[in-house]
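Undergrad: Dumping the structure here so I can ask a few things about it.
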Amino acid sequence: MINLLAGVIGGGGSPGKVTVTEVTGGSKITDTQGNPTTAITKILLNTDGTIDKLEQVTTTQLNSGTDWLIPNAEAPSLFEAHMTMVSGDNFTVGALDTWILISDGNIQWRYQKGTVGVLNGVGTLSIRFNGGPVLDSANFEMLAEQT
């Protein structure tokens, strides 16, 4: 995992630090299931300032050292999230190329593969405050495979 550009919010906003942890390559989020079990991988942006990942039917916090906002008490306020596909298959669940208010809750992007085959791709998650500039962004690579 690699921490990318960390931003500090200013101008009447939250004093929190926004950091999104990159998840690619050897640490990509993966689920492989045998037929007929559906393979599901997911990134969940929580209103409490944390990011969870789902792989192999287990949900875990992505990185408690950074979450997406430190201190978590500043979340979700007027923060917005945006996901753009960089490569591969579009996520089967989750809005792409649009800003979403994180306080709306249950912001997620996921692959769900219920037939034999693979869904794989890389998306870039960006976070900003109240329509302002992007405070941080990172790539997330996910793979869901049913064999």
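Each chain in the structure tokens gets a letter, A, B, ..., in the order shown, and its residues are numbered from 1; ligands are numbered from 1 in order too.
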Would you list the contacts of range 63-74 of chain A as number ranges by chain, taking every protein, DNA or RNA residue within 6 Å and counting only C-alpha atoms, but skipping same-chain residues closer than 6 positions in sequence?
TA: A: 16-20, 48-51
Undergrad: Dump C-alpha atoms for the selected residues as a compact mmCIF listing (two decimals), in the first residue's frame?
TA:
# COMPACT_ATOMS: atom_id res chain seq x y z
CA GLY A 16 -8.75 16.95 9.10
CA LYS A 17 -6.15 15.33 6.89
CA VAL A 18 -7.47 13.43 3.87
CA THR A 19 -5.38 10.42 2.78
CA VAL A 20 -6.47 7.63 0.44
CA ASP A 48 -17.18 7.56 9.96
CA GLY A 49 -14.01 8.43 8.02
CA THR A 50 -12.92 4.84 7.33
CA ILE A 51 -12.61 2.74 4.17
Undergrad: When you look at Glu141 in chain A with a cut-off of 12 Å (counting only C-alpha atoms), what residues show up, excluding the ones that are within fewer than 2 positions of it in the same chain? I need them as a VMD selection string.
TA: chain A and resid 1 21 to 31 41 to 43 53 55 84 to 91 109 to 111 119 to 125 138 to 139 143 to 144
Undergrad: Contacts of range 100-105 of chain A at 10 Å or less, counting only C-alpha atoms, minus same-chain residues fewer than 6 places along, as a list in words?
TA: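 Once the adjacent positions are removed, what remains is Leu44, Leu45, Asn46, Thr47, Asp48, Gly49, Ala75, Pro76, Ser77, Leu78, Phe79, Glu80, Ala81, His82, Met83, Ile127, Arg128, Phe129, Asn130 and Gly131 of chain A.
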Undergrad: Select from range 28-95 of chain A every residue with an atom at most 6 Å from any atom of range 112-116 of chain A, then for each give the shortest pair of atoms and their distance in Å to one decimal, using only C-alpha atoms, rows by chain and rising number, as a tab-separated table.
TA:
residue	atom	partner	partner_atom	distance
A:Thr38	CA	A:Gly114	CA	4.4
A:Ala39	CA	A:Lys113	CA	5.1
A:Ile40	CA	A:Gln112	CA	4.5
Undergrad: Report as a PyMOL selection string: the residues of chain A with a DSSP assignment of strand (DSSP E), based on the backbone of this structure.
TA: chain A and resi 2-3+7-8+17-18+21-22+29-33+39-45+51-55+58-61+69-70+79-88+100-101+107-113+117-129+134-146
Undergrad: Between CA of Ile107 in chain A and CA of Glu145 in chain A, what is the spacing in Å?
TA: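 Separating CA of Glu145 in chain A from CA of Ile107 in chain A is a distance of 22.6 Å.
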Undergrad: In Å, with one decimal, what is the gap from CA of Thr92 in chain A to CA of Met142 in chain A?
TA: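 It comes out at 11.6 Å.
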